[in-house]
file run36.cif (mmCIF, C-alpha atoms)
data_target
loop_
_atom_site.label_atom_id
_atom_site.label_comp_id
_atom_site.auth_asym_id
_atom_site.auth_seq_id
_atom_site.Cartn_x
_atom_site.Cartn_y
_atom_site.Cartn_z
CA MET A 1 89.05 175.48 111.64
CA SER A 2 92.50 174.25 112.51
CA GLU A 3 95.67 176.24 112.24
CA VAL A 4 99.11 174.75 111.65
CA ILE A 5 101.96 176.79 113.11
CA VAL A 6 105.64 176.03 112.61
CA VAL A 7 108.03 177.29 115.30
CA THR A 8 111.39 177.93 113.71
CA SER A 9 114.56 180.01 114.11
CA GLY A 10 117.46 178.91 111.96
CA LYS A 11 119.96 179.09 114.78
CA GLY A 12 119.91 176.42 117.45
CA GLY A 13 119.47 177.08 121.15
CA VAL A 14 117.34 180.21 120.92
CA GLY A 15 114.25 178.62 122.46
CA LYS A 16 112.18 176.95 119.73
CA THR A 17 111.35 173.89 121.80
CA THR A 18 110.62 175.91 124.94
CA THR A 19 108.39 178.21 122.93
CA THR A 20 106.56 175.29 121.27
CA ALA A 21 105.99 173.64 124.66
CA ASN A 22 104.75 176.80 126.33
CA VAL A 23 102.61 178.13 123.50
CA GLY A 24 101.07 174.68 122.96
CA THR A 25 100.36 174.24 126.66
CA GLY A 26 98.93 177.75 126.87
CA LEU A 27 96.55 177.15 123.96
CA ALA A 28 95.43 173.87 125.56
CA ALA A 29 94.93 175.67 128.88
CA ALA A 30 92.63 178.05 127.00
CA GLY A 31 90.48 175.06 126.10
CA ARG A 32 91.74 174.36 122.58
CA LYS A 33 92.66 170.93 121.22
CA VAL A 34 96.37 171.05 120.49
CA VAL A 35 98.95 168.62 119.14
CA LEU A 36 102.66 169.33 119.32
CA ILE A 37 104.79 167.60 116.70
CA ASP A 38 108.52 167.30 117.27
CA THR A 39 110.06 167.28 113.79
CA ASP A 40 113.66 167.20 114.99
CA ILE A 41 114.41 163.60 114.01
CA GLY A 42 117.55 162.26 115.69
CA LEU A 43 117.67 165.00 118.31
CA ARG A 44 114.32 164.91 120.02
CA ASN A 45 113.79 167.24 122.94
CA LEU A 46 110.20 168.38 123.07
CA ASP A 47 109.28 165.25 125.04
CA VAL A 48 111.68 166.09 127.89
CA VAL A 49 110.68 169.75 127.97
CA MET A 50 107.04 168.62 128.25
CA GLY A 51 107.95 165.97 130.86
CA LEU A 52 106.49 163.17 128.73
CA GLU A 53 109.69 161.27 127.88
CA ASN A 54 108.71 158.13 129.81
CA ARG A 55 105.52 157.59 127.91
CA ILE A 56 106.82 157.28 124.35
CA VAL A 57 105.87 154.08 122.54
CA TYR A 58 105.67 155.07 118.89
CA ASN A 59 107.10 158.13 117.12
CA LEU A 60 106.78 160.31 114.04
CA VAL A 61 108.81 157.98 111.82
CA ASP A 62 106.67 154.98 112.86
CA VAL A 63 103.59 156.93 111.85
CA VAL A 64 104.83 158.05 108.42
CA GLU A 65 106.19 154.59 107.68
CA GLY A 66 102.84 153.07 108.58
CA SER A 67 104.18 150.92 111.46
CA CYS A 68 101.39 152.30 113.66
CA ARG A 69 98.30 154.47 113.47
CA VAL A 70 98.55 158.18 114.29
CA LYS A 71 96.35 157.70 117.34
CA GLN A 72 98.75 155.13 118.82
CA ALA A 73 101.70 157.50 118.64
CA LEU A 74 99.96 160.50 120.22
CA ILE A 75 100.80 160.98 123.90
CA ARG A 76 98.07 162.64 125.92
CA ASP A 77 99.27 165.21 128.43
CA LYS A 78 97.75 164.58 131.87
CA ARG A 79 97.66 168.25 132.83
CA TYR A 80 95.35 169.45 130.06
CA PRO A 81 92.70 167.29 128.42
CA GLY A 82 93.18 168.67 124.90
CA LEU A 83 96.97 168.50 124.74
CA TYR A 84 98.85 165.83 122.78
CA LEU A 85 102.45 165.24 121.73
CA LEU A 86 103.70 163.38 118.69
CA PRO A 87 107.34 162.66 119.57
CA SER A 88 110.17 162.44 117.12
CA ALA A 89 112.41 159.42 116.54
CA GLN A 90 115.74 159.48 118.33
CA THR A 91 117.55 156.75 116.42
CA ARG A 92 116.82 157.88 112.87
CA ASP A 93 117.88 160.88 110.83
CA LYS A 94 116.10 163.71 109.05
CA THR A 95 115.96 161.88 105.72
CA ALA A 96 113.60 159.27 107.23
CA VAL A 97 110.69 161.62 106.49
CA ASN A 98 109.89 163.73 103.44
CA GLU A 99 107.72 166.74 102.76
CA SER A 100 104.76 164.94 101.19
CA GLN A 101 104.61 162.52 104.13
CA MET A 102 104.49 165.48 106.51
CA ARG A 103 101.72 167.13 104.49
CA LYS A 104 99.71 163.92 104.53
CA LEU A 105 100.15 163.52 108.30
CA ILE A 106 99.04 167.09 108.97
CA GLU A 107 95.94 166.68 106.78
CA GLN A 108 95.06 163.62 108.88
CA LEU A 109 95.39 165.60 112.11
CA ARG A 110 93.65 168.77 110.93
CA ASP A 111 90.08 167.71 111.61
CA GLN A 112 90.89 166.48 115.13
CA PHE A 113 92.75 169.52 116.44
CA ASP A 114 92.34 173.29 116.66
CA TYR A 115 96.09 173.92 116.63
CA ILE A 116 98.96 171.87 115.28
CA LEU A 117 102.35 173.15 116.43
CA LEU A 118 105.49 171.96 114.69
CA ASP A 119 108.79 172.21 116.53
CA CYS A 120 111.33 172.75 113.76
CA PRO A 121 114.97 171.60 113.97
CA ALA A 122 117.79 174.12 113.68
CA GLY A 123 119.26 174.61 110.23
CA ILE A 124 117.76 174.96 106.76
CA GLU A 125 118.12 171.39 105.51
CA GLN A 126 115.60 168.57 105.09
CA GLY A 127 114.32 168.85 108.66
CA PHE A 128 113.38 172.49 108.09
CA LYS A 129 111.74 171.67 104.78
CA ASN A 130 109.70 168.89 106.43
CA ALA A 131 108.60 171.15 109.27
CA ILE A 132 107.39 173.98 107.05
CA ALA A 133 105.81 171.73 104.40
CA GLY A 134 102.34 171.51 105.88
CA ALA A 135 102.27 174.71 107.93
CA ASP A 136 99.88 177.65 107.47
CA ARG A 137 101.84 180.21 109.44
CA ALA A 138 105.20 180.58 111.13
CA LEU A 139 106.46 181.79 114.46
CA VAL A 140 110.10 182.80 114.17
CA VAL A 141 112.02 182.75 117.45
CA THR A 142 115.16 184.84 117.86
CA THR A 143 117.28 186.34 120.61
CA PRO A 144 118.65 189.91 120.51
CA GLU A 145 122.07 188.73 119.29
CA VAL A 146 123.66 189.25 115.88
CA SER A 147 124.04 185.55 115.07
CA ALA A 148 120.43 184.66 115.92
CA ILE A 149 119.05 187.69 114.06
CA ARG A 150 121.09 186.95 110.97
CA ASP A 151 119.78 183.37 110.91
CA ALA A 152 116.23 184.57 111.58
CA ASP A 153 116.49 186.89 108.58
CA ARG A 154 117.56 183.99 106.38
CA ILE A 155 114.68 181.85 107.68
CA ILE A 156 112.19 184.66 107.05
CA GLY A 157 113.50 184.91 103.48
CA LEU A 158 113.03 181.16 102.98
CA LEU A 159 109.53 181.25 104.47
CA GLU A 160 108.58 184.11 102.15
CA ALA A 161 109.98 182.16 99.21
CA ASN A 162 107.69 179.31 100.30
CA ALA A 163 104.67 181.63 100.15
CA PHE A 164 104.13 182.06 103.89
CA ASP A 165 102.03 185.18 104.32
CA ARG A 166 101.77 185.02 108.09
CA ILE A 167 105.15 185.27 109.82
CA ASP A 168 105.33 186.43 113.42
CA LEU A 169 108.40 187.21 115.45
CA CYS A 170 109.03 186.14 119.03
CA ILE A 171 112.06 187.71 120.71
CA ASN A 172 113.41 185.48 123.44
CA ARG A 173 115.84 186.10 126.31
CA MET A 174 115.45 189.85 126.37
CA ARG A 175 117.55 191.48 129.09
CA TYR A 176 116.23 194.90 129.93
CA ASP A 177 119.10 195.66 132.29
CA MET A 178 121.51 195.28 129.36
CA VAL A 179 119.25 197.32 127.07
CA ARG A 180 119.33 200.13 129.61
CA ARG A 181 123.13 200.06 129.61
CA GLY A 182 123.15 200.16 125.81
CA ASP A 183 124.62 196.67 125.59
CA MET A 184 121.70 194.89 123.97
CA MET A 185 119.58 195.68 120.95
CA THR A 186 116.10 196.84 121.83
CA VAL A 187 112.87 195.14 120.75
CA GLU A 188 112.38 198.02 118.28
CA ASP A 189 115.88 197.49 116.83
CA VAL A 190 115.21 193.80 116.17
CA VAL A 191 111.75 194.40 114.69
CA ASP A 192 113.16 197.20 112.55
CA ILE A 193 115.97 195.01 111.19
CA LEU A 194 113.81 191.96 110.47
CA SER A 195 110.67 193.93 109.50
CA VAL A 196 108.12 191.29 110.44
CA SER A 197 105.25 191.62 112.89
CA LEU A 198 106.03 191.06 116.55
CA ILE A 199 103.94 188.56 118.50
CA GLY A 200 105.76 188.61 121.82
CA VAL A 201 108.87 189.27 123.87
CA ILE A 202 110.06 186.76 126.47
CA PRO A 203 112.37 188.18 129.12
CA ASP A 204 115.48 186.26 130.12
CA ASP A 205 114.11 184.46 133.14
CA GLU A 206 115.75 181.83 135.36
CA SER A 207 112.39 180.22 135.91
CA VAL A 208 112.53 178.91 132.32
CA VAL A 209 115.51 176.73 133.32
CA VAL A 210 113.67 175.59 136.44
CA SER A 211 110.57 174.69 134.43
CA THR A 212 112.64 172.76 131.89
CA ASN A 213 114.40 170.90 134.73
CA GLN A 214 111.01 169.83 136.03
CA GLY A 215 109.43 169.11 132.67
CA GLU A 216 106.57 171.51 133.43
CA PRO A 217 105.87 174.34 130.98
CA LEU A 218 105.61 177.63 132.86
CA VAL A 219 103.01 179.37 130.70
CA GLY A 220 100.39 181.10 132.80
CA SER A 221 102.50 181.07 135.97
CA HIS A 222 103.27 184.31 137.75
CA THR A 223 106.81 184.42 136.45
CA GLN A 224 107.66 187.07 133.86
CA ALA A 225 108.28 184.45 131.17
CA GLY A 226 105.07 182.65 132.10
CA ARG A 227 103.07 185.82 131.65
CA ALA A 228 104.82 186.66 128.39
CA TYR A 229 104.08 183.21 126.95
CA LYS A 230 100.45 183.47 128.00
CA ASN A 231 100.19 186.77 126.15
CA ILE A 232 101.56 185.15 122.99
CA CYS A 233 98.89 182.45 123.26
CA MET A 234 96.17 185.07 123.62
CA ARG A 235 97.49 186.93 120.57
CA ILE A 236 97.44 183.66 118.58
CA LEU A 237 93.82 183.26 119.69
CA GLY A 238 93.15 186.65 118.13
CA GLN A 239 93.00 188.82 121.24
CA ASP A 240 94.59 192.22 121.39
CA VAL A 241 96.85 192.02 124.44
CA PRO A 242 99.04 194.95 125.44
CA TYR A 243 102.76 194.25 125.78
CA LEU A 244 104.09 193.71 129.29
CA ASP A 245 106.01 196.67 130.53
CA LEU A 246 108.90 194.60 131.81
CA ASP A 247 111.24 197.51 131.69
CA ARG A 248 109.16 199.47 134.14
CA SER A 249 108.71 196.57 136.56
CA ILE A 250 112.49 196.29 136.76
CA SER A 251 113.19 199.98 136.88
CA PHE A 252 110.84 200.24 139.85
CA TRP A 253 113.25 198.00 141.71
CA THR A 254 116.26 199.89 140.52
CA LYS A 255 114.60 202.97 141.91
CA VAL A 256 114.05 201.27 145.27
CA THR A 257 117.60 199.98 145.40
CA GLY A 258 118.73 203.40 144.17
CA ILE A 259 117.13 205.04 147.21
CA PHE A 260 118.77 202.41 149.39
CA HIS A 261 122.19 203.10 147.88
CA LYS A 262 121.72 206.83 148.31
CA SER A 263 120.84 206.48 151.99
CA GLN A 264 123.98 204.36 152.45
CA GLU A 265 126.07 206.99 150.74
CA GLY A 266 124.54 209.55 153.09
CA ARG A 267 125.66 207.56 156.07
CA ALA A 268 129.15 206.93 154.73
CA MET B 269 130.19 211.69 136.19
CA LYS B 270 129.00 211.59 132.61
CA LEU B 271 131.38 212.26 129.77
CA PRO B 272 130.31 214.78 127.16
CA HIS B 273 128.38 213.22 124.28
CA PHE B 274 131.19 213.46 121.72
CA PHE B 275 133.61 211.54 123.91
CA ARG B 276 131.15 208.70 124.25
CA ARG B 277 132.12 205.44 122.63
CA LYS B 278 129.53 203.78 120.43
CA SER B 279 127.49 201.42 122.59
CA SER B 280 127.66 197.73 121.73
CA ARG B 281 123.98 197.90 120.89
CA GLU B 282 124.65 200.45 118.16
CA VAL B 283 127.64 198.48 116.90
CA ALA B 284 125.51 195.33 116.67
CA LYS B 285 122.72 197.14 114.86
CA ASP B 286 125.05 198.74 112.33
CA ARG B 287 126.92 195.50 111.67
CA LEU B 288 123.70 193.57 111.17
CA LYS B 289 122.27 196.13 108.77
CA ILE B 290 125.30 195.87 106.51
CA LEU B 291 125.50 192.10 106.87
CA LEU B 292 121.86 191.51 106.00
CA ILE B 293 122.08 193.61 102.85
CA SER B 294 124.55 191.17 101.33
CA ASP B 295 122.79 188.13 102.87
CA ARG B 296 119.46 189.11 101.37
CA VAL B 297 120.68 189.51 97.82
CA ASN B 298 122.97 186.55 98.10
CA CYS B 299 125.91 188.61 96.90
CA SER B 300 129.07 189.75 98.57
CA PRO B 301 130.01 193.34 99.42
CA GLU B 302 132.59 193.06 96.64
CA MET B 303 129.88 192.34 94.13
CA LEU B 304 127.91 195.31 95.42
CA ASP B 305 130.99 197.43 94.79
CA MET B 306 131.16 196.12 91.23
CA ILE B 307 127.48 196.94 90.67
CA LYS B 308 128.14 200.41 92.03
CA GLU B 309 131.07 200.93 89.69
CA ASP B 310 129.08 199.79 86.67
CA ILE B 311 126.13 202.02 87.52
CA ALA B 312 128.54 204.95 87.88
CA LYS B 313 130.12 204.16 84.52
CA VAL B 314 126.78 204.11 82.68
CA ILE B 315 125.42 207.27 84.25
CA SER B 316 128.72 209.08 83.73
CA ARG B 317 128.11 208.78 80.00
CA TYR B 318 125.23 211.20 80.32
CA MET B 319 126.02 213.45 83.25
CA LYS B 320 128.72 214.33 85.71
CA ILE B 321 128.20 212.55 89.01
CA ASP B 322 129.91 212.47 92.36
CA THR B 323 131.22 208.91 92.40
CA GLN B 324 132.86 209.43 95.78
CA ASN B 325 129.60 210.10 97.55
CA MET B 326 127.25 207.82 95.72
CA GLU B 327 125.80 204.92 97.64
CA ILE B 328 123.75 201.91 96.74
CA GLN B 329 121.63 199.94 99.12
CA ILE B 330 119.54 196.83 98.92
CA SER B 331 116.64 196.77 101.29
CA LYS B 332 113.31 195.08 101.71
CA SER B 333 110.81 197.53 100.31
CA ASN B 334 108.76 199.25 102.96
CA THR B 335 105.48 198.89 101.17
CA TYR B 336 102.96 197.62 103.65
CA GLY B 337 100.91 194.63 102.73
CA ILE B 338 101.42 190.91 102.79
CA GLY B 339 103.87 189.24 100.46
CA ASN B 340 105.05 192.54 99.15
CA ARG B 341 108.52 192.61 100.57
CA ASN B 342 110.73 191.96 97.61
CA PRO B 343 114.17 193.41 97.98
CA SER B 344 114.80 196.63 96.12
CA LEU B 345 117.97 198.34 95.07
CA ARG B 346 118.25 202.01 95.83
CA ALA B 347 120.97 204.20 94.49
CA ASN B 348 121.72 207.65 95.79
CA ILE B 349 123.84 209.39 93.21
CA PRO B 350 124.71 213.06 93.66
CA ILE B 351 124.77 214.88 90.34
CA LEU B 352 127.49 217.48 89.91
CA ASP B 353 126.50 218.69 86.47
CA LEU B 354 123.38 217.69 84.53
CA HIS B 355 124.91 218.54 81.20
CA LYS B 356 128.09 216.72 80.58
CA SER B 357 130.57 219.33 79.48
CA SER B 358 133.35 217.10 78.20
#
call {"tool": "encode", "arguments": {"input": "run36.cif", "output": "structure tokens"}}
result
Amino acid sequence: MSEVIVVTSGKGGVGKTTTTANVGTGLAAAGRKVVLIDTDIGLRNLDVVMGLENRIVYNLVDVVEGSCRVKQALIRDKRYPGLYLLPSAQTRDKTAVNESQMRKLIEQLRDQFDYILLDCPAGIEQGFKNAIAGADRALVVTTPEVSAIRDADRIIGLLEANAFDRIDLCINRMRYDMVRRGDMMTVEDVVDILSVSLIGVIPDDESVVVSTNQGEPLVGSHTQAGRAYKNICMRILGQDVPYLDLDRSISFWTKVTGIFHKSQEGRA
Amino acid sequence: MKLPHFFRRKSSREVAKDRLKILLISDRVNCSPEMLDMIKEDIAKVISRYMKIDTQNMEIQISKSNTYGIGNRNPSLRANIPILDLHKSS
């Protein structure tokens, strides 16, 4: 049975595309057949994050307009056999596609894939409506900042109004050093404010930038973000994975450096 | 050296959390804090007809109800109205 997940956030730049790329790649690495659909028409990005930008021939708008078959527009990822991307159009705008076209497209793809991931554009206009139209469940991405949380709350309200009964929260760019200083809201604060179920926390990790530079999703790698994304994938697959204790892994180092500082003070 | 607790300034985390809580109340009901004030005044007016209440310390809040279960998170309005005298004397 296939599952259609929309990755959304309201606010731009919080990590929807990165999350779509990594969760999709992680599910494919676990042996599932996955298609990633970039629904951000006019501002496509999922192709570059996946490193597939040179292989685009047809796009989402071509498919819904009937200029090509769905199969022709799907780009197969070389790294994982079951991973495909349906890129968005760069030269069109969000009104080129409507909700019923999206629903029809997703019904066509359902029997071929285990997971269909939709990368939603920022905002709550037509692009958002298109992205959520055919989805079964939603993954809301936010960062621990007031602006992102406010937008996430609005998005959650709209999803509930559209009868979504499965909404999961992914908190991105968590900085435990700032939390410890009392300068960033904790995971519990964010979950408490938004009152939706948590599916994962991604630490603020430089390796995400490196992986985006290279066009290689980092899910499953030994970086903190890679491990966190893998855990999200496993939770989507229905496994009960404990949350990474990122705070402790950092505080271990603060302890080590703390001892070092103390010994320096002793000498001084 | 740590300052005593009562000298401590509110951390930016707490400030953010408090601001968001207030902000989301008005976002969720799609009405401004001014409108909430008007609702509060009207509620006070109606109840004052029947009993003496402490209008200074009454508060109203709109929150997502905490009932667990899917699709059961409609916003609810909660009013906390201290009663000074159950039997209106005037």
call {"tool": "resolve_selection", "arguments": {"input": "run36.cif", "expression": "the PyMOL selection byres ((chain A) within 6 of (chain B))", "output": "PyMOL selection string"}}
result
chain A and resi 165+182-185
call {"tool": "resolve_selection", "arguments": {"input": "run36.cif", "expression": "the PyMOL selection byres ((chain A and resi 123-135) around 7)", "output": "ChimeraX atom specification"}}
result
/A:4-6,10-11,39-40,94-95,98-99,102-103,106,118,120-122,136-137
call {"tool": "residues_near_point", "arguments": {"input": "run36.cif", "point": "(131.1, 199.4, 93.0)", "cutoff": "12 Å", "atoms": "all atoms listed in the file", "output": "PyMOL selection string"}}
result
chain B and resi 300-313+323-329+347
call {"tool": "residues_around", "arguments": {"input": "run36.cif", "residues": "Glu188 in chain A", "least_positions_apart": "6", "cutoff": "12 Å", "atoms": "only C-alpha atoms", "output": "VMD selection string"}}
result
(chain A and resid 144 169 171 174 179 194 to 198 201) or (chain B and resid 281 285)
call {"tool": "closest_residue", "arguments": {"input": "run36.cif", "among": "A:Leu159, A:Ile199, A:Val210, A:Leu117", "to": "Gly238 in chain A", "atoms": "only C-alpha atoms"}}
result
A:Ile199
call {"tool": "atom_distance", "arguments": {"input": "run36.cif", "atom1": "CA of Ser344 in chain B", "atom2": "CA of Gly157 in chain A"}}
result
13.9 Å
call {"tool": "resolve_selection", "arguments": {"input": "run36.cif", "expression": "the PyMOL selection byres ((chain A and resi 33-35) around 6)", "output": "list in words"}}
result
Ala28, Arg32, Leu36, Gly82, Leu83, Tyr84, Leu85, Phe113, Asp114, Tyr115 and Ile116 of chain A
call {"tool": "residues_near_point", "arguments": {"input": "run36.cif", "point": "(126.2, 217.1, 81.4)", "cutoff": "12 Å", "atoms": "all atoms listed in the file", "output": "PyMOL selection string"}}
result
chain B and resi 315-321+351-358
call {"tool": "atom_distance", "arguments": {"input": "run36.cif", "atom1": "CA of Val141 in chain A", "atom2": "CA of Gly200 in chain A"}}
result
9.6 Å
call {"tool": "decode", "arguments": {"input": "run36.cif", "residues": "range 342-352 of chain B", "atoms": "all heavy atoms", "output": "PDB file, in the first residue's frame"}}
result
ATOM      1  N   ASN B 342     -10.250  21.140  18.091  1.00  0.00           N
ATOM      2  CA  ASN B 342     -10.889  22.419  17.819  1.00  0.00           C
ATOM      3  C   ASN B 342     -10.493  23.414  18.893  1.00  0.00           C
ATOM      4  O   ASN B 342     -10.315  23.038  20.042  1.00  0.00           O
ATOM      5  CB  ASN B 342     -12.406  22.247  17.814  1.00  0.00           C
ATOM      6  CG  ASN B 342     -12.852  21.373  16.669  1.00  0.00           C
ATOM      7  OD1 ASN B 342     -12.229  21.379  15.606  1.00  0.00           O
ATOM      8  ND2 ASN B 342     -13.899  20.603  16.891  1.00  0.00           N
ATOM      9  N   PRO B 343     -10.353  24.667  18.507  1.00  0.00           N
ATOM     10  CA  PRO B 343     -10.020  25.641  19.536  1.00  0.00           C
ATOM     11  C   PRO B 343     -11.165  25.787  20.541  1.00  0.00           C
ATOM     12  O   PRO B 343     -12.333  25.604  20.199  1.00  0.00           O
ATOM     13  CB  PRO B 343      -9.801  26.935  18.753  1.00  0.00           C
ATOM     14  CG  PRO B 343     -10.285  26.693  17.390  1.00  0.00           C
ATOM     15  CD  PRO B 343     -10.438  25.237  17.176  1.00  0.00           C
ATOM     16  N   SER B 344     -10.803  26.094  21.768  1.00  0.00           N
ATOM     17  CA  SER B 344     -11.852  26.323  22.751  1.00  0.00           C
ATOM     18  C   SER B 344     -11.547  27.605  23.512  1.00  0.00           C
ATOM     19  O   SER B 344     -10.398  27.994  23.663  1.00  0.00           O
ATOM     20  CB  SER B 344     -11.954  25.140  23.709  1.00  0.00           C
ATOM     21  OG  SER B 344     -10.758  25.023  24.440  1.00  0.00           O
ATOM     22  N   LEU B 345     -12.602  28.258  23.944  1.00  0.00           N
ATOM     23  CA  LEU B 345     -12.439  29.493  24.686  1.00  0.00           C
ATOM     24  C   LEU B 345     -12.639  29.203  26.162  1.00  0.00           C
ATOM     25  O   LEU B 345     -13.648  28.612  26.555  1.00  0.00           O
ATOM     26  CB  LEU B 345     -13.448  30.526  24.190  1.00  0.00           C
ATOM     27  CG  LEU B 345     -13.290  31.943  24.755  1.00  0.00           C
ATOM     28  CD1 LEU B 345     -13.503  32.955  23.657  1.00  0.00           C
ATOM     29  CD2 LEU B 345     -14.267  32.196  25.882  1.00  0.00           C
ATOM     30  N   ARG B 346     -11.661  29.596  26.941  1.00  0.00           N
ATOM     31  CA  ARG B 346     -11.768  29.373  28.381  1.00  0.00           C
ATOM     32  C   ARG B 346     -11.747  30.708  29.089  1.00  0.00           C
ATOM     33  O   ARG B 346     -10.889  31.550  28.818  1.00  0.00           O
ATOM     34  CB  ARG B 346     -10.591  28.548  28.874  1.00  0.00           C
ATOM     35  CG  ARG B 346     -10.765  27.090  28.554  1.00  0.00           C
ATOM     36  CD  ARG B 346      -9.556  26.339  28.971  1.00  0.00           C
ATOM     37  NE  ARG B 346      -9.467  25.146  28.133  1.00  0.00           N
ATOM     38  CZ  ARG B 346      -8.522  24.249  28.230  1.00  0.00           C
ATOM     39  NH1 ARG B 346      -7.545  24.431  29.109  1.00  0.00           N
ATOM     40  NH2 ARG B 346      -8.506  23.206  27.449  1.00  0.00           N
ATOM     41  N   ALA B 347     -12.688  30.872  29.979  1.00  0.00           N
ATOM     42  CA  ALA B 347     -12.717  32.108  30.747  1.00  0.00           C
ATOM     43  C   ALA B 347     -12.505  31.779  32.215  1.00  0.00           C
ATOM     44  O   ALA B 347     -13.084  30.825  32.736  1.00  0.00           O
ATOM     45  CB  ALA B 347     -14.056  32.805  30.552  1.00  0.00           C
ATOM     46  N   ASN B 348     -11.657  32.555  32.839  1.00  0.00           N
ATOM     47  CA  ASN B 348     -11.434  32.384  34.265  1.00  0.00           C
ATOM     48  C   ASN B 348     -11.913  33.662  34.929  1.00  0.00           C
ATOM     49  O   ASN B 348     -11.273  34.712  34.814  1.00  0.00           O
ATOM     50  CB  ASN B 348      -9.947  32.140  34.498  1.00  0.00           C
ATOM     51  CG  ASN B 348      -9.648  31.800  35.933  1.00  0.00           C
ATOM     52  OD1 ASN B 348     -10.555  31.730  36.754  1.00  0.00           O
ATOM     53  ND2 ASN B 348      -8.378  31.609  36.228  1.00  0.00           N
ATOM     54  N   ILE B 349     -13.062  33.562  35.566  1.00  0.00           N
ATOM     55  CA  ILE B 349     -13.688  34.765  36.109  1.00  0.00           C
ATOM     56  C   ILE B 349     -13.855  34.632  37.624  1.00  0.00           C
ATOM     57  O   ILE B 349     -14.703  33.867  38.081  1.00  0.00           O
ATOM     58  CB  ILE B 349     -15.064  35.019  35.432  1.00  0.00           C
ATOM     59  CG1 ILE B 349     -14.893  35.004  33.903  1.00  0.00           C
ATOM     60  CG2 ILE B 349     -15.671  36.333  35.904  1.00  0.00           C
ATOM     61  CD1 ILE B 349     -16.187  34.866  33.146  1.00  0.00           C
ATOM     62  N   PRO B 350     -13.075  35.351  38.392  1.00  0.00           N
ATOM     63  CA  PRO B 350     -13.223  35.278  39.851  1.00  0.00           C
ATOM     64  C   PRO B 350     -14.539  35.942  40.280  1.00  0.00           C
ATOM     65  O   PRO B 350     -14.847  37.058  39.853  1.00  0.00           O
ATOM     66  CB  PRO B 350     -12.026  36.077  40.375  1.00  0.00           C
ATOM     67  CG  PRO B 350     -11.142  36.311  39.197  1.00  0.00           C
ATOM     68  CD  PRO B 350     -11.987  36.247  37.980  1.00  0.00           C
ATOM     69  N   ILE B 351     -15.284  35.215  41.101  1.00  0.00           N
ATOM     70  CA  ILE B 351     -16.556  35.750  41.597  1.00  0.00           C
ATOM     71  C   ILE B 351     -16.330  36.390  42.964  1.00  0.00           C
ATOM     72  O   ILE B 351     -15.747  35.762  43.845  1.00  0.00           O
ATOM     73  CB  ILE B 351     -17.613  34.620  41.707  1.00  0.00           C
ATOM     74  CG1 ILE B 351     -17.807  33.977  40.322  1.00  0.00           C
ATOM     75  CG2 ILE B 351     -18.941  35.161  42.256  1.00  0.00           C
ATOM     76  CD1 ILE B 351     -18.617  32.702  40.370  1.00  0.00           C
ATOM     77  N   LEU B 352     -16.773  37.613  43.101  1.00  0.00           N
ATOM     78  CA  LEU B 352     -16.622  38.303  44.389  1.00  0.00           C
ATOM     79  C   LEU B 352     -17.826  38.026  45.296  1.00  0.00           C
ATOM     80  O   LEU B 352     -17.686  37.837  46.485  1.00  0.00           O
ATOM     81  CB  LEU B 352     -16.456  39.804  44.178  1.00  0.00           C
ATOM     82  CG  LEU B 352     -15.179  40.224  43.422  1.00  0.00           C
ATOM     83  CD1 LEU B 352     -15.190  41.723  43.175  1.00  0.00           C
ATOM     84  CD2 LEU B 352     -13.925  39.809  44.161  1.00  0.00           C
TER      85      LEU B 352
END
